[in-house]
$ cat work-v7.cif   # mmCIF, C-alpha atoms
data_coords
loop_
_atom_site.label_atom_id
_atom_site.label_comp_id
_atom_site.auth_asym_id
_atom_site.auth_seq_id
_atom_site.Cartn_x
_atom_site.Cartn_y
_atom_site.Cartn_z
CA MET A 1253 102.50 206.26 18.45
CA ILE A 1254 100.18 205.42 21.33
CA ALA A 1255 99.04 201.86 21.93
CA VAL A 1256 95.69 201.35 23.64
CA ILE A 1257 94.94 198.13 25.53
CA GLY A 1258 91.33 198.11 26.68
CA ALA A 1259 89.85 200.16 23.83
CA THR A 1260 86.46 198.42 24.01
CA GLY A 1261 85.84 199.06 27.72
CA ARG A 1262 84.01 201.78 29.61
CA ILE A 1263 87.04 204.05 29.96
CA GLY A 1264 89.23 202.74 27.14
CA SER A 1265 86.55 203.30 24.50
CA ARG A 1266 86.39 206.94 25.50
CA VAL A 1267 90.19 207.22 25.41
CA ALA A 1268 90.20 205.74 21.91
CA ALA A 1269 87.47 208.15 20.78
CA LEU A 1270 89.30 211.20 22.13
CA LEU A 1271 92.56 210.17 20.48
CA ALA A 1272 90.74 209.66 17.18
CA GLU A 1273 88.97 213.03 17.46
CA ARG A 1274 92.32 214.73 17.95
CA CYS A 1275 93.97 212.79 15.11
CA VAL A 1276 96.66 211.48 17.47
CA PRO A 1277 98.65 208.59 15.98
CA ALA A 1278 97.37 205.60 17.90
CA GLN A 1279 96.18 202.05 17.49
CA ALA A 1280 94.04 199.71 19.54
CA LEU A 1281 95.36 196.32 20.62
CA VAL A 1282 92.26 194.12 20.77
CA ARG A 1283 91.38 190.44 20.46
CA SER A 1284 88.86 191.22 17.69
CA PRO A 1285 90.30 194.00 15.50
CA HIS A 1286 87.31 194.04 13.16
CA VAL A 1287 84.89 195.47 15.73
CA ALA A 1288 82.96 198.06 13.75
CA SER A 1289 82.66 200.56 16.60
CA LEU A 1290 86.39 201.02 17.14
CA PRO A 1291 87.39 204.59 16.25
CA LEU A 1292 91.11 203.75 15.95
CA PRO A 1293 93.06 201.47 13.64
CA ALA A 1294 93.22 198.10 15.37
CA VAL A 1295 95.52 195.09 15.44
CA HIS A 1296 94.97 191.67 16.93
CA ALA A 1297 96.58 191.28 20.34
CA ASP A 1298 95.73 188.96 23.21
CA LEU A 1299 97.27 189.22 26.67
CA THR A 1300 97.38 185.43 26.83
CA ASP A 1301 99.66 185.53 23.77
CA PRO A 1302 102.78 187.63 24.53
CA ALA A 1303 103.98 187.47 20.92
CA SER A 1304 100.80 189.22 19.74
CA ILE A 1305 101.30 191.97 22.31
CA ARG A 1306 104.92 192.33 21.25
CA ALA A 1307 103.87 192.78 17.63
CA GLY A 1308 101.11 195.21 18.53
CA LEU A 1309 103.48 197.41 20.52
CA GLU A 1310 106.02 197.76 17.73
CA GLY A 1311 106.71 201.46 17.20
CA ALA A 1312 104.72 202.55 20.26
CA SER A 1313 106.20 205.14 22.60
CA ARG A 1314 103.30 205.28 25.06
CA LEU A 1315 100.80 202.74 26.31
CA PHE A 1316 97.33 203.07 27.82
CA LEU A 1317 96.51 200.03 29.94
CA VAL A 1318 93.20 198.97 31.43
CA THR A 1319 91.94 195.41 31.74
CA PRO A 1320 88.75 193.79 33.03
CA HIS A 1321 88.60 192.57 36.61
CA GLY A 1322 89.34 188.88 36.94
CA PRO A 1323 91.38 186.30 38.79
CA ASP A 1324 94.29 186.58 36.31
CA GLN A 1325 94.27 190.36 36.02
CA ASP A 1326 97.76 190.97 37.44
CA LEU A 1327 99.26 188.13 35.38
CA LEU A 1328 97.75 189.48 32.16
CA GLU A 1329 98.80 193.03 32.91
CA ALA A 1330 102.31 191.78 33.67
CA VAL A 1331 102.50 190.52 30.07
CA ALA A 1332 101.64 194.00 28.80
CA VAL A 1333 104.19 195.67 31.10
CA ARG A 1334 107.04 193.31 30.24
CA GLU A 1335 106.39 193.52 26.51
CA ALA A 1336 106.07 197.31 26.66
CA ALA A 1337 109.42 197.65 28.41
CA ALA A 1338 111.04 195.31 25.86
CA ALA A 1339 109.48 197.28 22.97
CA GLY A 1340 110.96 200.57 24.20
CA VAL A 1341 107.71 202.15 25.41
CA HIS A 1342 108.58 205.31 27.34
CA HIS A 1343 105.45 205.87 29.39
CA VAL A 1344 102.54 203.76 30.66
CA VAL A 1345 99.19 205.22 31.71
CA LYS A 1346 97.40 202.63 33.82
CA VAL A 1347 93.88 202.78 35.21
CA SER A 1348 94.15 201.46 38.74
CA GLY A 1349 92.05 201.43 41.90
CA GLY A 1350 91.29 203.98 44.60
CA ALA A 1351 94.38 204.82 46.61
CA ALA A 1352 92.91 203.69 49.92
CA SER A 1353 92.07 200.25 48.50
CA LEU A 1354 95.54 199.39 47.19
CA GLY A 1355 98.30 197.36 48.80
CA PRO A 1356 99.66 193.83 49.17
CA ASN A 1357 96.54 193.04 51.20
CA GLY A 1358 94.16 195.28 49.29
CA THR A 1359 90.46 195.73 49.85
CA THR A 1360 89.75 193.13 47.14
CA ALA A 1361 91.74 190.72 45.00
CA THR A 1362 91.37 193.26 42.19
CA ALA A 1363 92.85 196.04 44.33
CA THR A 1364 95.81 193.82 45.16
CA ALA A 1365 96.22 193.04 41.46
CA HIS A 1366 96.26 196.78 40.67
CA TRP A 1367 98.94 197.28 43.32
CA ARG A 1368 101.09 194.45 41.94
CA THR A 1369 100.91 195.92 38.43
CA GLU A 1370 101.79 199.38 39.71
CA GLN A 1371 104.81 197.91 41.48
CA LEU A 1372 105.89 196.11 38.32
CA ILE A 1373 105.59 199.28 36.25
CA GLU A 1374 107.62 201.27 38.77
CA ARG A 1375 110.39 198.66 38.66
CA SER A 1376 110.36 198.55 34.84
CA GLY A 1377 112.12 201.88 34.40
CA MET A 1378 109.35 203.26 32.20
CA GLY A 1379 107.66 206.53 33.06
CA PHE A 1380 104.16 206.13 34.38
CA THR A 1381 100.89 207.77 35.31
CA PHE A 1382 98.55 205.85 37.59
CA LEU A 1383 94.92 206.93 37.37
CA ARG A 1384 93.03 205.93 40.51
CA PRO A 1385 89.36 206.73 39.99
CA SER A 1386 86.72 206.72 42.68
CA TYR A 1387 83.40 204.97 42.02
CA LEU A 1388 82.53 205.54 38.37
CA GLN A 1389 79.30 207.45 37.89
CA GLN A 1390 78.52 205.21 34.91
CA ASN A 1391 78.23 202.28 37.33
CA LEU A 1392 74.90 203.83 38.31
CA LEU A 1393 73.60 203.06 34.83
CA THR A 1394 74.34 199.35 35.10
CA GLN A 1395 74.03 198.71 38.83
CA ILE A 1396 71.28 201.10 39.93
CA ALA A 1397 69.14 202.23 36.97
CA PRO A 1398 67.64 198.76 36.27
CA ILE A 1399 66.59 198.44 39.92
CA VAL A 1400 64.98 201.88 40.00
CA ALA A 1401 63.22 201.17 36.72
CA ARG A 1402 61.82 197.85 37.96
CA ALA A 1403 61.13 198.67 41.61
CA GLY A 1404 60.70 202.45 41.76
CA LEU A 1405 63.18 202.45 44.65
CA LEU A 1406 66.92 203.00 44.82
CA ILE A 1407 68.09 199.84 46.58
CA ALA A 1408 71.87 199.72 47.09
CA PRO A 1409 74.48 198.38 49.55
CA PHE A 1410 76.49 201.60 49.95
CA GLY A 1411 75.21 202.89 53.27
CA ASP A 1412 75.05 206.60 54.02
CA ALA A 1413 78.66 207.66 53.45
CA PRO A 1414 79.52 210.22 50.76
CA ILE A 1415 81.37 208.97 47.68
CA ALA A 1416 83.25 211.37 45.41
CA MET A 1417 82.01 209.64 42.25
CA VAL A 1418 83.85 210.44 39.03
CA ASP A 1419 82.57 210.44 35.46
CA ALA A 1420 84.34 207.96 33.17
CA ARG A 1421 84.61 210.75 30.60
CA ASP A 1422 86.78 212.73 33.00
CA VAL A 1423 88.97 209.69 33.66
CA ALA A 1424 89.43 209.28 29.90
CA ALA A 1425 90.27 212.97 29.50
CA CYS A 1426 92.95 212.65 32.19
CA ALA A 1427 94.34 209.60 30.42
CA VAL A 1428 94.57 211.40 27.09
CA ALA A 1429 96.23 214.40 28.75
CA ALA A 1430 98.87 212.07 30.17
CA LEU A 1431 99.30 210.22 26.88
CA THR A 1432 99.70 213.32 24.73
CA GLY A 1433 101.30 215.93 26.96
CA GLU A 1434 104.43 216.50 28.95
CA VAL A 1435 104.13 214.35 32.06
CA PRO A 1436 106.18 213.92 35.22
CA ALA A 1437 108.45 210.89 35.53
CA GLY A 1438 105.93 209.20 37.81
CA GLU A 1439 102.57 210.37 39.13
CA ALA A 1440 99.51 208.87 40.77
CA CYS A 1441 96.23 210.76 40.42
CA GLN A 1442 93.21 210.17 42.64
CA LEU A 1443 90.35 211.07 40.31
CA THR A 1444 87.06 212.18 41.80
CA GLY A 1445 84.00 214.23 41.10
CA PRO A 1446 83.57 217.74 42.52
CA ARG A 1447 82.18 216.57 45.87
CA GLY A 1448 81.09 213.56 47.85
CA VAL A 1449 77.49 212.48 47.32
CA THR A 1450 75.44 209.85 49.12
CA PHE A 1451 73.03 207.41 47.57
CA ALA A 1452 70.31 209.24 49.45
CA ASP A 1453 71.36 212.38 47.52
CA ILE A 1454 71.11 210.46 44.26
CA ALA A 1455 67.69 209.09 45.17
CA ALA A 1456 66.47 212.58 46.05
CA HIS A 1457 67.66 213.92 42.69
CA LEU A 1458 65.82 211.10 40.92
CA GLY A 1459 62.72 211.63 43.06
CA VAL A 1460 62.67 208.12 44.54
CA ARG A 1461 63.22 206.61 47.97
CA TYR A 1462 66.58 205.19 49.00
CA VAL A 1463 66.56 201.77 50.66
CA PRO A 1464 69.98 200.81 52.09
CA LEU A 1465 70.80 197.14 51.65
CA PRO A 1466 73.42 195.30 53.76
CA PRO A 1467 76.40 194.37 51.54
CA ARG A 1468 76.07 190.67 52.41
CA ALA A 1469 72.42 190.70 51.38
CA ALA A 1470 73.49 192.24 48.07
CA GLY A 1471 76.03 189.44 47.73
CA ARG A 1472 73.32 186.81 48.20
CA MET A 1473 71.25 188.47 45.49
CA LEU A 1474 74.23 188.40 43.12
CA ARG A 1475 74.79 184.71 43.81
CA PHE A 1476 71.12 184.05 43.09
CA ARG A 1477 71.54 185.80 39.73
CA GLY A 1478 74.48 183.56 38.83
CA ALA A 1479 77.48 185.75 39.67
CA SER A 1480 80.73 183.89 40.27
CA ALA A 1481 82.25 183.62 43.73
CA SER A 1482 85.00 186.11 42.81
CA GLU A 1483 82.45 188.60 41.46
CA VAL A 1484 80.36 188.35 44.61
CA ASP A 1485 83.40 188.73 46.86
CA HIS A 1486 84.57 191.80 44.95
CA ALA A 1487 81.14 193.43 45.01
CA VAL A 1488 80.61 192.84 48.74
CA ARG A 1489 84.06 194.07 49.69
CA MET A 1490 83.82 197.18 47.54
CA ALA A 1491 80.35 198.02 48.85
CA THR A 1492 81.69 197.73 52.40
CA TYR A 1493 84.68 199.90 51.44
CA PHE A 1494 82.51 202.68 50.01
CA ALA A 1495 79.98 202.45 52.84
CA ALA A 1496 82.84 203.08 55.28
CA GLY A 1497 83.49 206.48 53.67
CA ALA A 1498 86.90 205.53 52.26
CA ASP A 1499 86.35 207.42 48.96
CA GLY A 1500 84.35 210.44 50.00
CA VAL A 1501 86.94 213.23 49.81
CA PRO A 1502 87.17 215.08 46.46
CA THR A 1503 90.48 216.07 44.89
CA ASP A 1504 91.44 218.64 42.25
CA HIS A 1505 93.34 216.13 40.13
CA VAL A 1506 90.85 216.14 37.22
CA THR A 1507 91.05 219.92 36.99
CA ARG A 1508 94.83 219.89 37.26
CA ARG A 1509 95.15 217.28 34.53
CA THR A 1510 92.53 218.56 32.06
CA GLY A 1511 92.03 222.24 32.89
CA SER A 1512 88.30 221.62 33.34
CA PRO A 1513 86.32 220.86 36.50
CA PRO A 1514 85.00 217.32 36.92
CA ARG A 1515 81.41 216.61 36.00
CA PRO A 1516 78.95 216.37 38.90
CA VAL A 1517 76.91 213.19 39.13
CA GLU A 1518 73.70 215.16 38.64
CA ARG A 1519 74.73 215.89 35.05
CA LEU A 1520 74.86 212.19 34.21
CA LEU A 1521 71.59 211.51 36.05
CA ASP A 1522 69.88 214.22 33.99
CA GLU A 1523 71.46 213.04 30.71
CA GLU A 1524 70.34 209.47 31.37
CA HIS A 1525 67.08 210.27 33.14
CA ASP A 1526 65.00 207.92 30.96
CA ARG A 1527 67.05 204.92 32.08
CA PHE A 1528 65.90 205.48 35.67
CA ALA A 1529 62.25 205.93 34.76
CA PRO A 1530 59.89 203.35 36.39
CA THR A 1531 58.74 200.79 33.85
CA THR A 1532 56.00 198.97 35.78
CA GLY A 1533 52.85 200.05 37.55
CA LEU A 1534 54.24 198.92 40.91
CA ALA A 1535 57.46 200.86 40.30
CA ARG A 1536 55.49 203.99 39.47
CA ARG A 1537 53.39 203.66 42.61
CA LEU A 1538 56.43 203.11 44.81
CA SER A 1539 58.36 206.00 43.27
CA HIS A 1540 55.39 208.36 43.63
CA PRO A 1541 53.54 207.07 46.70
CA THR A 1542 50.23 208.52 47.76
CA THR A 1543 49.15 208.70 51.38
CA ASN A 1544 45.66 208.85 52.80
CA GLU A 1545 45.82 210.66 56.11
CA VAL A 1546 42.90 210.36 58.49
#
$ encode --input "work-v7.cif" --output "C-alpha cells"
Amino acid sequence: MIAVIGATGRIGSRVAALLAERCVPAQALVRSPHVASLPLPAVHADLTDPASIRAGLEGASRLFLVTPHGPDQDLLEAVAVREAAAAGVHHVVKVSGGAASLGPNGTTATATAHWRTEQLIERSGMGFTFLRPSYLQQNLLTQIAPIVARAGLLIAPFGDAPIAMVDARDVAACAVAALTGEVPAGEACQLTGPRGVTFADIAAHLGVRYVPLPPRAAGRMLRFRGASASEVDHAVRMATYFAAGADGVPTDHVTRRTGSPPRPVERLLDEEHDRFAPTTGLARRLSHPTTNEV
C-alpha cells in the first residue's frame, strides 16, 4: 500500500489522481479526510501529531511526501520520515528543491529544509527517490496570469535568464513511476521541461510585453499585499536564483522516468489561455498598443 502525504496540494493531488486512475492500493494521509475532491480513501493524519501519522502509515510499504513551505517544514517532514521508518516503509518519494539550491546554507530557508529532510531520509535506511523540480509551470497561473489579466503586461522579477520550467503533471507522473515500479536504492532526479524559456519568451507567446521587475521591488509589493516576512524572503531569494540562470539547463529525467517527453510550457499557456486574457480596458490597450507615427 502507498501512503500519500500532501494529497491536496498542486503535485500531490495529481499523484493521488493517477494512483486512483490506475487502481493502485493507496490512501491519503490528510488533516481533513472528508474532503470531497480526494480521489483516494483518506485517513486523518497531522504532522504535528506523530501518533496520527503512525496510524496512517500502518501497512504502507511506500510513502509519497510533499509538504507546504513554512518555517517548520523540516521539523514536520522529520516526523513523517521517523514514523515511516518505524512503520517499515521501504521507499520514500520526496518532492524536494532544485539541485543547485540545496545545501546546509541553501538558497532559501525552504531549500535548506529540503536538504535536511533528504539527509534524514538517507540516514534512515529506507530506499528513496528525490524529485527536484525546476520552476513549476503552474506557478504562472497563480503568480503571472492575474497580473497579465489586470495590467495587460507580464511583470515579473525573473530577469532574462532561461528557466527549464516543468509541468506539475510531469512531476506527478515521475512520482507515480517511482512509487509503483522497480526503483534504484537511491536516486535524485532533476525534473525540467524540454528546454529553457525566458519570461520574454512567455510574454511573446501570450502576445504581451514583458516588464522585468527587480526582485526587491517584487518583495516590497508582496509585503504591501500582506505576505509574511518568510514568504517575502523566499520569493525574493528564489527570483534572484532563477534570474541568475541557475535552473536553465534541461535534463532527460522526465523522459527516463515516464517514457514520455516533458510538456513544453506553451502547452499549458494554450490550455489556460483565458486566464491570461486582459480583463480591463487599460489592460487591453496595454496588451495591444496602437501607435500613431508622424
$ atom_distance --input "work-v7.cif" --atom1 "atom CA of Ala1413 of chain A" --atom2 "atom CA of Ala1456 of chain A"
15.1 Å
$ residues_around --input "work-v7.cif" --residues "segment 1354-1365 of chain A" --least-positions-apart "3" --cutoff "6 Å" --atoms "all atoms listed in the file" --output "mmCIF file with C-alpha atoms, keeping the file's coordinate frame"
data_model
loop_
_atom_site.group_PDB
_atom_site.id
_atom_site.type_symbol
_atom_site.label_atom_id
_atom_site.label_comp_id
_atom_site.auth_asym_id
_atom_site.auth_seq_id
_atom_site.Cartn_x
_atom_site.Cartn_y
_atom_site.Cartn_z
ATOM 1 C CA ASP A 1326 97.760 190.970 37.440
ATOM 2 C CA GLY A 1349 92.050 201.430 41.900
ATOM 3 C CA ALA A 1351 94.380 204.820 46.610
ATOM 4 C CA ARG A 1368 101.090 194.450 41.940
ATOM 5 C CA HIS A 1486 84.570 191.800 44.950
#
$ residues_around --input "work-v7.cif" --residues "Ile1263 of chain A" --least-positions-apart "6" --cutoff "9 Å" --atoms "all atoms listed in the file" --output "list in words"
Val1318, Val1347, Ala1420, Arg1421, Val1423 and Ala1424 of chain A
$ residues_around --input "work-v7.cif" --residues "Val1341 of chain A" --least-positions-apart "3" --cutoff "12 Å" --atoms "only C-alpha atoms" --output "number ranges by chain"
A: 1253-1255, 1306, 1308-1316, 1332-1338, 1344-1345, 1373, 1376-1380, 1431
$ atom_distance --input "work-v7.cif" --atom1 "atom CA of Pro1502 of chain A" --atom2 "atom CA of Arg1384 of chain A"
12.4 Å
$ residues_around --input "work-v7.cif" --residues "Gln1389 of chain A" --least-positions-apart "4" --cutoff "6 Å" --atoms "only C-alpha atoms" --output "list in words"
Met1417, Val1418 and Asp1419 of chain A
$ resolve_selection --input "work-v7.cif" --expression "the PyMOL selection byres ((chain A and resi 1408) around 6)" --output "PDB file with C-alpha atoms, keeping the file's coordinate frame"
ATOM      1  CA  ILE A1407      68.090 199.840  46.580  1.00  0.00           C
ATOM      2  CA  PRO A1409      74.480 198.380  49.550  1.00  0.00           C
ATOM      3  CA  PHE A1410      76.490 201.600  49.950  1.00  0.00           C
ATOM      4  CA  PRO A1464      69.980 200.810  52.090  1.00  0.00           C
ATOM      5  CA  LEU A1465      70.800 197.140  51.650  1.00  0.00           C
TER       6      LEU A1465
END
$ atom_distance --input "work-v7.cif" --atom1 "atom CA of Thr1432 of chain A" --atom2 "atom CA of Ile1257 of chain A"
15.9 Å
$ closest_residue --input "work-v7.cif" --among "A:Ile1415, A:Ala1469, A:Val1331, A:Leu1520" --to "Asp1453 of chain A" --atoms "all atoms listed in the file"
A:Ile1415
$ axis_aligned_box --input "work-v7.cif" --around "segment 1289-1305 of chain A" --padding-each-side "6 Å" --output "AutoDock Vina command-line options"
--center_x 93.3 --center_y 195.0 --center_z 20.2 --size_x 33.3 --size_y 31.2 --size_z 25.2
$ residues_around --input "work-v7.cif" --residues "segment 1273-1289 of chain A" --least-positions-apart "2" --cutoff "8 Å" --atoms "all atoms listed in the file" --output "ChimeraX atom specification"
/A:1253-1260,1268-1271,1291-1298,1305,1308
$ closest_residue --input "work-v7.cif" --among "A:Leu1443, A:Leu1405, A:Ala1470, A:Ala1330" --to "Tyr1387 of chain A" --atoms "all atoms listed in the file"
A:Leu1443
$ closest_residue --input "work-v7.cif" --among "A:Pro1467, A:Gly1445, A:Pro1398, A:Gly1478" --to "Ala1496 of chain A" --atoms "all atoms listed in the file"
A:Pro1467
$ closest_residue --input "work-v7.cif" --among "A:Ala1303, A:Glu1523, A:Pro1414, A:His1366" --to "Gln1325 of chain A" --atoms "all atoms listed in the file"
A:His1366
$ resolve_selection --input "work-v7.cif" --expression "the PyMOL selection byres ((chain A and resi 1527) around 9)" --output "JSON, numbers by chain"
{"A": [1393, 1397, 1398, 1400, 1401, 1521, 1524, 1525, 1526, 1528, 1529, 1530]}
$ build_atoms --input "work-v7.cif" --residues "segment 1384-1401 of chain A" --atoms "N, CA and C atoms" --output "mmCIF file, in the coordinates of the input"
data_model
loop_
_atom_site.group_PDB
_atom_site.id
_atom_site.type_symbol
_atom_site.label_atom_id
_atom_site.label_comp_id
_atom_site.auth_asym_id
_atom_site.auth_seq_id
_atom_site.Cartn_x
_atom_site.Cartn_y
_atom_site.Cartn_z
ATOM 1 N N ARG A 1384 93.734 206.664 39.458
ATOM 2 C CA ARG A 1384 93.030 205.930 40.510
ATOM 3 C C ARG A 1384 91.644 206.544 40.708
ATOM 4 N N PRO A 1385 90.691 206.117 39.909
ATOM 5 C CA PRO A 1385 89.360 206.730 39.990
ATOM 6 C C PRO A 1385 88.573 206.233 41.191
ATOM 7 N N SER A 1386 87.728 207.109 41.700
ATOM 8 C CA SER A 1386 86.720 206.720 42.680
ATOM 9 C C SER A 1386 85.639 205.919 41.939
ATOM 10 N N TYR A 1387 84.547 205.669 42.609
ATOM 11 C CA TYR A 1387 83.400 204.970 42.020
ATOM 12 C C TYR A 1387 82.986 205.682 40.735
ATOM 13 N N LEU A 1388 82.908 204.936 39.649
ATOM 14 C CA LEU A 1388 82.530 205.540 38.370
ATOM 15 C C LEU A 1388 81.038 205.851 38.353
ATOM 16 N N GLN A 1389 80.708 207.062 37.974
ATOM 17 C CA GLN A 1389 79.300 207.450 37.890
ATOM 18 C C GLN A 1389 78.537 206.531 36.935
ATOM 19 N N GLN A 1390 79.206 206.077 35.885
ATOM 20 C CA GLN A 1390 78.520 205.210 34.910
ATOM 21 C C GLN A 1390 78.113 203.883 35.516
ATOM 22 N N ASN A 1391 78.695 203.497 36.667
ATOM 23 C CA ASN A 1391 78.230 202.280 37.330
ATOM 24 C C ASN A 1391 76.756 202.401 37.731
ATOM 25 N N LEU A 1392 76.308 203.618 37.957
ATOM 26 C CA LEU A 1392 74.900 203.830 38.310
ATOM 27 C C LEU A 1392 73.978 203.352 37.190
ATOM 28 N N LEU A 1393 74.444 203.439 35.961
ATOM 29 C CA LEU A 1393 73.600 203.060 34.830
ATOM 30 C C LEU A 1393 73.429 201.547 34.740
ATOM 31 N N THR A 1394 74.432 200.804 35.179
ATOM 32 C CA THR A 1394 74.340 199.350 35.100
ATOM 33 C C THR A 1394 73.916 198.714 36.421
ATOM 34 N N GLN A 1395 74.313 199.313 37.535
ATOM 35 C CA GLN A 1395 74.030 198.710 38.830
ATOM 36 C C GLN A 1395 72.738 199.223 39.467
ATOM 37 N N ILE A 1396 72.386 200.469 39.211
ATOM 38 C CA ILE A 1396 71.280 201.100 39.930
ATOM 39 C C ILE A 1396 70.063 201.360 39.041
ATOM 40 N N ALA A 1397 70.274 201.861 37.827
ATOM 41 C CA ALA A 1397 69.140 202.230 36.970
ATOM 42 C C ALA A 1397 68.164 201.074 36.745
ATOM 43 N N PRO A 1398 68.623 199.836 36.479
ATOM 44 C CA PRO A 1398 67.640 198.760 36.270
ATOM 45 C C PRO A 1398 66.779 198.493 37.505
ATOM 46 N N ILE A 1399 67.357 198.659 38.697
ATOM 47 C CA ILE A 1399 66.590 198.440 39.920
ATOM 48 C C ILE A 1399 65.537 199.519 40.093
ATOM 49 N N VAL A 1400 65.936 200.781 39.888
ATOM 50 C CA VAL A 1400 64.980 201.880 40.000
ATOM 51 C C VAL A 1400 63.864 201.718 38.974
ATOM 52 N N ALA A 1401 64.228 201.322 37.770
ATOM 53 C CA ALA A 1401 63.220 201.170 36.720
ATOM 54 C C ALA A 1401 62.223 200.058 37.052
#
